[in-house]
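Colleague: Quick one: structure below, then a few questions.
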Amino acid sequence: MAQLSPLIVTLDGPAGSGKSSVAHRLARRLGLRFLDTGAMYRGLTAVCLDRGIDPGREPAAVVELAGKVRMEFDWGTDPPRLYVEGRDVTPRLRDPDVTARVSDVAVLPEVRRVLVRAQQRIGESCPRLISEGRDQGSVVFPGAQVKFYLEASPHVRAKRRAEQLRQEGRAAEESQVLVGIQERDRRDTGRSEGPLICPEDAIRVDTSDLTLDQVVDRLEAHVRTRYGEAVAGPGGGRSSDAAGPGGPR
Ligand code: DC
């Protein structure tokens with residue numbers, strides 16, 4: 001079988017813009033690997049907290065840990081599970097303590113350098129992926145073939161996030177979620193290293209009035225128009241080198 005050409009698609013945007021769900025479904029439809037870079041920041045945060053490190057007060061300990069822990073995705077699971085030092089940290093990633101502290105970790109320039117490099121290595125070993133985060137099109141994969149930037153109003157994002165939390169059986173007051181989202185926006189856009197920005201060459205999509213499937217349809221159409229020969233056929237399917245992404249999250 002002929003080797004499929006490299007295809008890196010980046011998907012950036014603020015908290016609650018629907019990136020993870022969109023990236024996961026799009027990866028499945030196109031037969032590409034799905035890289036959730038927020039999971040890496042969350043995984044490192046979980047390990048810090050579980051080892052008694054307070055990321056806000058002990059940045060040097062966080063940096064030291066970032067430099068020495070082994071972080072790996074299992075590409076054979078769907079969505080890919082994250083292991084740190086051989087421990088499956090996936091169940092910890094969305095816990096409230098991790099969500100509350102992750103931006104203390106993500107703001108540290110040395111941590112970002114380590115994780116950016118790790119993400120680039122994943123891209124080198126599997127240059128057929130959809131990579132989702134805040135800095136994927138701007139810093140990690142500036143040469144990506146396709147770049148998307150998803151946005152939605154803070155109120156819409158808070159509503160979605162509250163709904164998602166309720167579905168997971170967690171209490172969620174929309175007004176409180178909104179405050180959390182605005183705080184994360186401030187931190188994501190304000191940090192000096194890898195701030196959340198829309199890359200100049202990205203396709204900007206406002207998802208406020210679109211359903212998840214409508215967003216995925218739109219992005220899929222863009223990729224197929226430009227790189228149809230490099231992706232799986234319509235209706236999903238996988239390329240031989242794209243183990244990983246699968247059913248809805
Ligand atoms: O997308 P998420 O909510 O899982 O992201 C978790 C945190 O990690 C959030 O504070 C933003 C940060 N993050 C980042 O700084 N850079 C990325 N590439 C991905 C996430």
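Naming works like this for the structure tokens: A, B, ... for the chains as they're shown, residue 1 at the start of each chain, ligands 1 onward in shown order.
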If we count only C-alpha atoms and set the cut-off at 8 Å, which residues sit around Val9 (chain A), ignoring sequence neighbours fewer than 5 positions away in its own chain? Please answer as JSON, numbers by chain.
Modeller: {"A": [129, 130, 131, 144, 145, 146, 147, 148]}
Colleague: Given only C-alpha atoms, how would the per-residue table for region 95-142 of chain A near region 30-48 of chain A read, listing every residue at most 7 Å away with its closest atom pair and distance in Å to one decimal, sorted by chain and number, as a tab-separated table?
Modeller:
residue	atom	partner	partner_atom	distance
A:Val98	CA	A:Ala46	CA	5.7
A:Arg101	CA	A:Thr45	CA	7.0
A:Val102	CA	A:Thr45	CA	5.6
A:Val105	CA	A:Thr45	CA	6.4
A:Ala106	CA	A:Tyr41	CA	6.2
A:Arg128	CA	A:Leu32	CA	5.6
A:Leu129	CA	A:Arg33	CA	4.4
A:Ile130	CA	A:Phe34	CA	5.1
A:Ser131	CA	A:Leu35	CA	4.7
A:Glu132	CA	A:Asp36	CA	5.3
A:Gly133	CA	A:Thr37	CA	5.5
Colleague: Would you export the selected residues with C-alpha atoms as a CSV table (one decimal), in the first residue's frame, please?
Modeller:
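part_31.csv, written as the output of this step:
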chain,number,residue,atom,x,y,z
A,98,VAL,CA,-6.8,19.2,38.4
A,101,ARG,CA,-4.7,24.0,39.2
A,102,VAL,CA,-3.8,23.2,35.6
A,105,VAL,CA,1.3,24.4,35.5
A,106,ALA,CA,0.6,25.6,31.9
A,128,ARG,CA,-0.8,12.3,10.4
A,129,LEU,CA,-2.7,13.8,13.3
A,130,ILE,CA,-5.1,16.3,14.5
A,131,SER,CA,-3.6,18.2,17.4
A,132,GLU,CA,-5.8,20.2,19.7
A,133,GLY,CA,-4.8,22.8,22.3
Colleague: Under the rule that only C-alpha atoms and all ligand atoms are counted, which of A:Glu163, A:Asp54, A:Asp104, A:Glu200 is the nearest residue to ligand 1?
Modeller: A:Asp104
Colleague: Could you give me, as a list in words, the residues within 7 Å of region 155-161 of chain A, counting only C-alpha atoms and dropping anything in the same chain fewer than 6 positions from it?
Modeller: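 The residues satisfying every condition are Gly16, Ser17, Glu174, Val177, Leu178, Ile181 and Ser208 of chain A.
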Colleague: For the residues in that selection, give me C-alpha atoms as an mmCIF file, in the first residue's frame.
Modeller:
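Listed below is the output, result26.cif:
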data_model
loop_
_atom_site.group_PDB
_atom_site.id
_atom_site.type_symbol
_atom_site.label_atom_id
_atom_site.label_comp_id
_atom_site.auth_asym_id
_atom_site.auth_seq_id
_atom_site.Cartn_x
_atom_site.Cartn_y
_atom_site.Cartn_z
ATOM 1 C CA GLY A 16 -15.234 25.327 26.256
ATOM 2 C CA SER A 17 -15.089 26.042 22.524
ATOM 3 C CA GLU A 174 -23.572 28.107 35.026
ATOM 4 C CA VAL A 177 -18.590 27.998 35.348
ATOM 5 C CA LEU A 178 -18.623 31.332 33.495
ATOM 6 C CA ILE A 181 -13.956 30.239 31.952
ATOM 7 C CA SER A 208 -21.784 29.672 19.024
#
Colleague: Can you pull out every residue within 12 Å of Asp74 (chain A), counting only C-alpha atoms, but drop anything in the same chain fewer than 5 positions away, and send it as JSON, numbers by chain?
Modeller: {"A": [33, 34, 35, 79, 80, 81, 82, 83, 84, 86, 87, 88, 89, 90, 122, 243, 244, 245]}
Colleague: What is the distance, in Å and to one decimal place, between CA of Ala230 (chain A) and CA of His24 (chain A)?
Modeller: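 Computing it gives 17.9 Å between the two atoms.
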Colleague: Write out as a PyMOL selection string all residues of region 13-241 of chain A that DSSP puts in alpha helix (DSSP H) for this structure's backbone.
Modeller: chain A and resi 19-30+37-50+59-68+96-106+109-125+154-167+174-190+212-227
Colleague: So, counting only C-alpha atoms, which residue among A:Ala100, A:Val231, A:Ala118, A:Leu26 is closest to Phe73 (chain A)?
Modeller: A:Ala118
Colleague: If I take CA of Thr211 (chain A) and CA of Glu151 (chain A), how far is one from the other in Å, to one decimal?
Modeller: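 Separation between CA of Thr211 (chain A) and CA of Glu151 (chain A): 13.0 Å.
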Colleague: Give me the residues within 7 Å of Arg70 (chain A) as a list in words, counting only C-alpha atoms and dropping any in the same chain fewer than 2 places off.
Modeller: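 Close residues of Arg70 (chain A): Lys68, Glu72, Val84 and Glu85 of chain A.
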Colleague: Any chance you could export the current selection's all heavy atoms as an mmCIF file, in the first residue's frame?
Modeller:
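Okay, out-v2.cif is ready:
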data_model
loop_
_atom_site.group_PDB
_atom_site.id
_atom_site.type_symbol
_atom_site.label_atom_id
_atom_site.label_comp_id
_atom_site.auth_asym_id
_atom_site.auth_seq_id
_atom_site.Cartn_x
_atom_site.Cartn_y
_atom_site.Cartn_z
ATOM 1 N N LYS A 68 11.487 15.091 34.073
ATOM 2 C CA LYS A 68 11.926 13.700 34.255
ATOM 3 C C LYS A 68 10.831 12.635 34.094
ATOM 4 O O LYS A 68 11.146 11.474 33.900
ATOM 5 C CB LYS A 68 12.655 13.539 35.587
ATOM 6 C CG LYS A 68 11.837 13.691 36.822
ATOM 7 C CD LYS A 68 12.741 13.491 38.045
ATOM 8 C CE LYS A 68 11.921 13.532 39.320
ATOM 9 N NZ LYS A 68 12.670 13.863 40.503
ATOM 10 N N GLU A 72 3.213 9.061 28.115
ATOM 11 C CA GLU A 72 2.930 8.358 26.846
ATOM 12 C C GLU A 72 1.434 8.195 26.640
ATOM 13 O O GLU A 72 0.710 7.912 27.599
ATOM 14 C CB GLU A 72 3.509 6.939 26.879
ATOM 15 C CG GLU A 72 5.002 6.870 26.848
ATOM 16 C CD GLU A 72 5.521 5.565 27.440
ATOM 17 O OE1 GLU A 72 4.863 5.020 28.369
ATOM 18 O OE2 GLU A 72 6.556 5.105 26.976
ATOM 19 N N VAL A 84 1.459 8.283 32.806
ATOM 20 C CA VAL A 84 2.628 9.013 33.308
ATOM 21 C C VAL A 84 3.384 8.049 34.203
ATOM 22 O O VAL A 84 2.816 7.507 35.164
ATOM 23 C CB VAL A 84 2.222 10.285 34.085
ATOM 24 C CG1 VAL A 84 3.474 11.001 34.588
ATOM 25 C CG2 VAL A 84 1.408 11.226 33.210
ATOM 26 N N GLU A 85 4.652 7.827 33.874
ATOM 27 C CA GLU A 85 5.473 6.837 34.585
ATOM 28 C C GLU A 85 4.729 5.489 34.671
ATOM 29 O O GLU A 85 4.713 4.854 35.719
ATOM 30 C CB GLU A 85 5.817 7.332 35.990
ATOM 31 C CG GLU A 85 6.734 8.536 36.015
ATOM 32 C CD GLU A 85 8.149 8.245 35.534
ATOM 33 O OE1 GLU A 85 8.981 7.796 36.323
ATOM 34 O OE2 GLU A 85 8.421 8.485 34.341
#
Colleague: Looking only at strand (DSSP E) from DSSP on the backbone, list the matching residues of region 46-92 of chain A as a PyMOL selection string.
Modeller: chain A and resi 71-74+81-84+87-88
Colleague: What is the CA of Val223 (chain A) to atom 2 (P, counted along the ligand's line) of ligand 1 distance in Å?
Modeller: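 We find that CA of Val223 (chain A) and atom 2 (P, counted along the ligand's line) of ligand 1 lie 23.6 Å from each other.
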Colleague: Report as a PDB file with N, CA and C atoms, in the first residue's frame all protein, DNA and RNA residues lying within 6 Å of Arg134 (chain A), evaluated on only C-alpha atoms, omitting residues in the same chain fewer than 3 positions from it.
Modeller:
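Here's the written file out-v4.pdb:
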ATOM      1  N   ASP A  12      -7.047  25.014  17.600  1.00  0.00           N
ATOM      2  CA  ASP A  12      -6.842  25.800  18.812  1.00  0.00           C
ATOM      3  C   ASP A  12      -8.106  26.572  19.161  1.00  0.00           C
ATOM      4  N   GLY A  13      -8.146  27.043  20.390  1.00  0.00           N
ATOM      5  CA  GLY A  13      -9.285  27.848  20.815  1.00  0.00           C
ATOM      6  C   GLY A  13      -9.395  27.860  22.319  1.00  0.00           C
ATOM      7  N   LEU A 196      -2.659  31.868  24.064  1.00  0.00           N
ATOM      8  CA  LEU A 196      -3.717  31.519  23.117  1.00  0.00           C
ATOM      9  C   LEU A 196      -3.879  32.657  22.114  1.00  0.00           C
TER      10      LEU A 196
END
Colleague: With only C-alpha atoms and all ligand atoms as the basis for distance, which of A:Gly52, A:Pro14, A:Pro59, A:Gly233 is at the shortest distance from ligand 1?
Modeller: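 For ligand 1, the nearest of the given residues is A:Pro14.
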Colleague: Pick from A:Ser20, A:Thr99, A:Gln136, A:Thr77: nearest to Val116 (chain A), with only C-alpha atoms counted?
Modeller: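 Using only C-alpha atoms, the shortest distance to Val116 (chain A) belongs to A:Gln136.
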Colleague: For ligand 1, which residue among A:Pro154, A:Pro234, A:Gly180, A:Pro199 is the nearest when counting only C-alpha atoms and all ligand atoms?
Modeller: A:Gly180
